[in-house]
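Enquirer: One structure coming up, written as structure tokens, with questions to follow.
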Amino acid sequence: MSAPPPDVVDLVRELVRRPTVSGDAAAQREVLGVVTEVLTAAAPHLQRREGADRDQPWTLLTSPTDPGRPRLLLACHVDTVPAADPAGWQRDPFGADLDDGRVWGRGGSDMKAGLVAAVAALAAAPEGTPVALLLSSDEEIGSRGAAAAAAAVSALEVGAVVVPEATGNRVVLGHRGALWLAVRAQGRAAHGSTPERGHNALLDLVAVLGRAGQALPLAEEPFLGTETWNPGVLRSGTVPNVVPDRAEVLVDQRTVGDGAALLAWWRAQPEVAGVDVLVDLPSVRTSAEDPWVAGLPAPVDPAPATYFTDASVLRPVVGDAPIVVWGPGTPAAMHAVDEHVEVGELRQATATFTEVLRRWPG
């Protein structure tokens, strides 16, 4: 006998209370297990497949279905960014307070609310509905869990994909890709009192970064907009009185093309000793004219998402299936102090996803 569908507010609060910061495989694996047990208790017909890589856990839940019946895939990650400076929060980042019509805490909007709405919708779906749910890890640091699960997803016949990230319950049709680089300079160490005897690697990188703002070949695309770049981390030196012989900057670039011109620019700078690609995710775009998209019971946002999602990894393995980013939560609250999700948005998403599953593949 199956259990009733979960209470969505209670489940979001339970998940927010469980820190699942990217890189903590054990914590993410535990939450994967919690979510899977809740869902399979309500929908015991779902079949479970789990990844074997201990560092990149993932779970794929699928309904038994006849060959040739394409599935609706919902793709959700369980990890969050850290709750930096908890003292700056008005509430405990992992307290999951329910107040003022909101659940407060890290991961509320990004994306434990969307995950719970998807779970509740699958729990309520008729047993014969051809569906799949991908639960992934480490999305925030390059969609690593989705990449580990890509082969399993590619074995499914997928008709459409919903990524329930925070969009305020508006349907979003794409986002830019991400190209993260580690750019290095090599110098020669010397005493800080005689810098002329060395070669300062940090100053080399500073020179390159100074040029990048004007010289990087940032491309544009009519829907996705203009590519951006951000030097997020700079590492160099050990103590003030030694000329640094090494320096490294981590650069986050949001791309509309394949990123080849950006990578080539960094590698061509004379001060650069090496460039490593840390993350390379393609952009994603679905046409608003797609019949399934046009029939969704939610407004379509005219702008793309500003962030990347697991859709970048899924696009190559689901063929031409339409992909939308669509879920409860406030984009401005993602990764922010006092992150939260509106209970009304959570319940609305649950009802709407349930309707979409009931109508699938219509």
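Numbering starts fresh at 1 for the residues of each chain in the structure tokens, the chains themselves are lettered A, B, ... in the order given, and ligands are numbered from 1 as they appear.
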With a distance cut-off of 10 Å and only C-alpha atoms, select the neighbouring residues of Ala148 of chain A, excluding the residue or stretch itself and same-chain residues fewer than 6 positions from it, and output the selection as a list in words.
Expert: Gly51, Ala52, Asp53, Asp55, Gln56, Pro57, Trp58, Ser136, Ser137 and Val313 of chain A
Enquirer: Could you please take those selected residues and save C-alpha atoms as a short mmCIF file (atom, residue, chain, number, x, y, z; two decimals), in the first residue's frame?
Expert:
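That gives us result_26.cif:
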data_model
loop_
_atom_site.label_atom_id
_atom_site.label_comp_id
_atom_site.auth_asym_id
_atom_site.auth_seq_id
_atom_site.Cartn_x
_atom_site.Cartn_y
_atom_site.Cartn_z
CA GLY A 51 25.30 6.18 -9.29
CA ALA A 52 28.28 4.11 -8.21
CA ASP A 53 30.66 7.07 -7.80
CA ASP A 55 32.05 11.42 -4.82
CA GLN A 56 29.26 12.31 -7.27
CA PRO A 57 26.07 10.67 -6.05
CA TRP A 58 22.89 10.72 -8.10
CA SER A 136 21.81 15.18 -8.79
CA SER A 137 24.70 16.48 -6.69
CA VAL A 313 24.46 18.76 -19.24
#
Enquirer: With a cut-off of 9 Å, could you pull out the residues of segment 145-187 of chain A touching segment 67-76 of chain A and give me the nearest pair of atoms for each, distance in Å to one decimal, using only C-alpha atoms, ordered by chain and ascending number, as CSV?
Expert:
residue,atom,partner,partner_atom,distance
A:Ala146,CA,A:Ala75,CA,8.6
A:Leu156,CA,A:Arg71,CA,7.7
A:Glu157,CA,A:Pro70,CA,5.0
A:Val158,CA,A:Arg71,CA,4.7
A:Gly159,CA,A:Pro70,CA,4.8
A:Ala160,CA,A:Leu72,CA,5.1
A:Val161,CA,A:Leu73,CA,4.7
A:Val162,CA,A:Leu74,CA,4.8
A:Val163,CA,A:Ala75,CA,5.0
A:Pro164,CA,A:Cys76,CA,6.6
A:Glu165,CA,A:Cys76,CA,7.7
Enquirer: Using only C-alpha atoms, pick whichever of A:Val256, A:Leu209, A:Leu263, A:Ala201 has the shortest atom-to-atom distance to Gly237 of chain A.
Expert: A:Ala201
Enquirer: Given the choices A:Glu220, A:Trp104, A:Thr80, A:Ala189, which gets closest to Thr238 of chain A if the distance is worked out from only C-alpha atoms?
Expert: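 So, comparing all the options, the nearest one is A:Ala189.
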Enquirer: Where does segment 165-201 of chain A meet segment 112-123 of chain A within 12 Å, residue by residue, with the nearest atom pair and distance in Å to one decimal for each, counting only C-alpha atoms, listed by chain and rising number, as CSV?
Expert:
residue,atom,partner,partner_atom,distance
A:Glu165,CA,A:Gly114,CA,5.9
A:Ala166,CA,A:Gly114,CA,7.0
A:Thr167,CA,A:Gly114,CA,9.6
A:Gly168,CA,A:Gly114,CA,10.4
A:Asn169,CA,A:Gly114,CA,9.5
Enquirer: Which residues are near Val239 of chain A? Cut-off 10 Å, only C-alpha atoms, ignore same chain within fewer than 4 positions. Put them as a PDB file with C-alpha atoms, in the first residue's frame.
Expert:
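selection-v8.pdb, freshly written:
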ATOM      1  CA  GLY A 192      60.772  41.834  -1.056  1.00  0.00           C
ATOM      2  CA  VAL A 243      58.218  38.451  -4.626  1.00  0.00           C
ATOM      3  CA  PRO A 244      55.551  35.914  -5.674  1.00  0.00           C
TER       4      PRO A 244
END
Enquirer: Which residue, A:Val183, A:Val275, A:Leu205, A:Val12, has the smallest gap to Ala96 of chain A when you use only C-alpha atoms?
Expert: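 Of A:Val183, A:Val275, A:Leu205, A:Val12, the one nearest Ala96 of chain A is A:Val12, counting only C-alpha atoms.
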Enquirer: Residues near segment 341-353 of chain A, anyone? I mean within 6 Å using only C-alpha atoms, not counting same-chain ones fewer than 6 positions away, as a PDB file with all heavy atoms, in the first residue's frame.
Expert:
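Output file result.pdb follows:
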ATOM      1  N   GLY A 101       4.561  33.548   5.959  1.00  0.00           N
ATOM      2  CA  GLY A 101       4.237  32.880   4.706  1.00  0.00           C
ATOM      3  C   GLY A 101       5.431  32.380   3.938  1.00  0.00           C
ATOM      4  O   GLY A 101       5.325  32.091   2.739  1.00  0.00           O
ATOM      5  N   ARG A 102       6.578  32.246   4.622  1.00  0.00           N
ATOM      6  CA  ARG A 102       7.802  31.821   3.956  1.00  0.00           C
ATOM      7  C   ARG A 102       8.516  30.752   4.781  1.00  0.00           C
ATOM      8  O   ARG A 102       8.423  30.741   6.006  1.00  0.00           O
ATOM      9  CB  ARG A 102       8.762  33.005   3.775  1.00  0.00           C
ATOM     10  CG  ARG A 102       8.217  34.127   2.901  1.00  0.00           C
ATOM     11  CD  ARG A 102       9.112  35.346   2.983  1.00  0.00           C
ATOM     12  NE  ARG A 102       8.745  36.374   2.006  1.00  0.00           N
ATOM     13  CZ  ARG A 102       9.311  37.556   1.919  1.00  0.00           C
ATOM     14  NH1 ARG A 102      10.298  37.886   2.757  1.00  0.00           N
ATOM     15  NH2 ARG A 102       8.913  38.428   0.998  1.00  0.00           N
ATOM     16  N   VAL A 103       9.241  29.887   4.074  1.00  0.00           N
ATOM     17  CA  VAL A 103      10.219  29.003   4.720  1.00  0.00           C
ATOM     18  C   VAL A 103      11.577  29.642   4.505  1.00  0.00           C
ATOM     19  O   VAL A 103      11.989  29.898   3.365  1.00  0.00           O
ATOM     20  CB  VAL A 103      10.187  27.591   4.132  1.00  0.00           C
ATOM     21  CG1 VAL A 103      11.295  26.738   4.756  1.00  0.00           C
ATOM     22  CG2 VAL A 103       8.832  26.938   4.357  1.00  0.00           C
ATOM     23  N   GLY A 108      16.251  27.150   0.358  1.00  0.00           N
ATOM     24  CA  GLY A 108      14.807  27.250   0.227  1.00  0.00           C
ATOM     25  C   GLY A 108      14.384  27.513  -1.206  1.00  0.00           C
ATOM     26  O   GLY A 108      13.547  26.800  -1.773  1.00  0.00           O
ATOM     27  N   SER A 109      14.975  28.539  -1.825  1.00  0.00           N
ATOM     28  CA  SER A 109      14.681  28.826  -3.225  1.00  0.00           C
ATOM     29  C   SER A 109      15.541  28.005  -4.175  1.00  0.00           C
ATOM     30  O   SER A 109      15.076  27.600  -5.244  1.00  0.00           O
ATOM     31  CB  SER A 109      14.891  30.328  -3.512  1.00  0.00           C
ATOM     32  OG  SER A 109      13.737  31.075  -3.193  1.00  0.00           O
ATOM     33  N   ALA A 117       8.368  20.263  -4.879  1.00  0.00           N
ATOM     34  CA  ALA A 117       7.204  20.360  -5.769  1.00  0.00           C
ATOM     35  C   ALA A 117       7.220  19.238  -6.806  1.00  0.00           C
ATOM     36  O   ALA A 117       6.175  18.644  -7.115  1.00  0.00           O
ATOM     37  CB  ALA A 117       7.182  21.721  -6.452  1.00  0.00           C
ATOM     38  N   ALA A 121       4.466  16.149  -7.048  1.00  0.00           N
ATOM     39  CA  ALA A 121       3.740  15.929  -8.294  1.00  0.00           C
ATOM     40  C   ALA A 121       3.901  14.490  -8.778  1.00  0.00           C
ATOM     41  O   ALA A 121       2.934  13.854  -9.223  1.00  0.00           O
ATOM     42  CB  ALA A 121       4.215  16.908  -9.354  1.00  0.00           C
ATOM     43  N   PRO A 328       9.329  27.172  -8.223  1.00  0.00           N
ATOM     44  CA  PRO A 328       9.046  28.149  -7.178  1.00  0.00           C
ATOM     45  C   PRO A 328      10.331  28.743  -6.613  1.00  0.00           C
ATOM     46  O   PRO A 328      11.388  28.118  -6.647  1.00  0.00           O
ATOM     47  CB  PRO A 328       8.325  27.312  -6.121  1.00  0.00           C
ATOM     48  CG  PRO A 328       8.938  25.950  -6.260  1.00  0.00           C
ATOM     49  CD  PRO A 328       9.193  25.791  -7.738  1.00  0.00           C
ATOM     50  N   GLY A 329      10.229  29.946  -6.100  1.00  0.00           N
ATOM     51  CA  GLY A 329      11.382  30.598  -5.494  1.00  0.00           C
ATOM     52  C   GLY A 329      11.693  31.912  -6.175  1.00  0.00           C
ATOM     53  O   GLY A 329      11.325  32.136  -7.331  1.00  0.00           O
TER      54      GLY A 329
END
Enquirer: If you run DSSP on the backbone, which residues of segment 152-309 of chain A are alpha helix (DSSP H), as a ChimeraX atom specification?
Expert: /A:152-154,201-215,260-268,291-294
Enquirer: Applying 12 Å and only C-alpha atoms, which residues near Asp85 of chain A remain after dropping the ones on its own chain fewer than 6 positions away? List them as a VMD selection string.
Expert: chain A and resid 91 to 93 106 336 to 338
Enquirer: Report the distance between atom CA of Leu173 of chain A and atom CA of Leu32 of chain A in Å, rounded to one decimal place.
Expert: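 Atom-to-atom, atom CA of Leu173 of chain A to atom CA of Leu32 of chain A, that is 27.1 Å.
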Enquirer: Quick one: everything within 10 Å of Ser287 of chain A, counting only C-alpha atoms, minus sequence neighbours fewer than 4 positions away in the same chain. Send it as a list in words.
Expert: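 Here the answer would be Leu173, Gly174, Pro291, Val293, Ala294, Pro322, Ile323 and Val324 of chain A.
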Enquirer: Which neighbours of Gly33 of chain A fall inside 12 Å, counting only C-alpha atoms, when residues of the same chain fewer than 5 positions from it are skipped, and could you give them as a list in words?
Expert: Leu15, Ala26, Ala27, Gln28, Val38, Leu39, Thr40, Ala41, Arg48, Arg49, Glu50, Pro57, Trp58, Thr59, Leu60, Leu61, Val78, Leu135 and Ser136 of chain A
Enquirer: Output C-alpha atoms of each residue in that selection to a file, as a PDB file, in the first residue's frame.
Expert:
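Result file is again_34.pdb:
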ATOM      1  CA  LEU A  15      15.446  19.396   3.646  1.00  0.00           C
ATOM      2  CA  ALA A  26      27.964  12.259   2.278  1.00  0.00           C
ATOM      3  CA  ALA A  27      25.424  14.953   3.159  1.00  0.00           C
ATOM      4  CA  GLN A  28      24.064  15.042  -0.381  1.00  0.00           C
ATOM      5  CA  VAL A  38       9.556   9.694   0.650  1.00  0.00           C
ATOM      6  CA  LEU A  39       8.735   9.413  -3.038  1.00  0.00           C
ATOM      7  CA  THR A  40       8.840   5.629  -3.343  1.00  0.00           C
ATOM      8  CA  ALA A  41       6.654   5.286  -0.253  1.00  0.00           C
ATOM      9  CA  ARG A  48      15.440   3.354  -8.674  1.00  0.00           C
ATOM     10  CA  ARG A  49      18.915   3.542 -10.137  1.00  0.00           C
ATOM     11  CA  GLU A  50      21.854   5.037  -8.254  1.00  0.00           C
ATOM     12  CA  PRO A  57      26.067  10.669  -6.046  1.00  0.00           C
ATOM     13  CA  TRP A  58      22.895  10.718  -8.098  1.00  0.00           C
ATOM     14  CA  THR A  59      19.601   8.878  -8.202  1.00  0.00           C
ATOM     15  CA  LEU A  60      17.327   8.303 -11.196  1.00  0.00           C
ATOM     16  CA  LEU A  61      13.717   7.296 -10.516  1.00  0.00           C
ATOM     17  CA  VAL A  78      20.174  18.682  -3.840  1.00  0.00           C
ATOM     18  CA  LEU A 135      18.287  13.854  -8.356  1.00  0.00           C
ATOM     19  CA  SER A 136      21.814  15.178  -8.787  1.00  0.00           C
TER      20      SER A 136
END
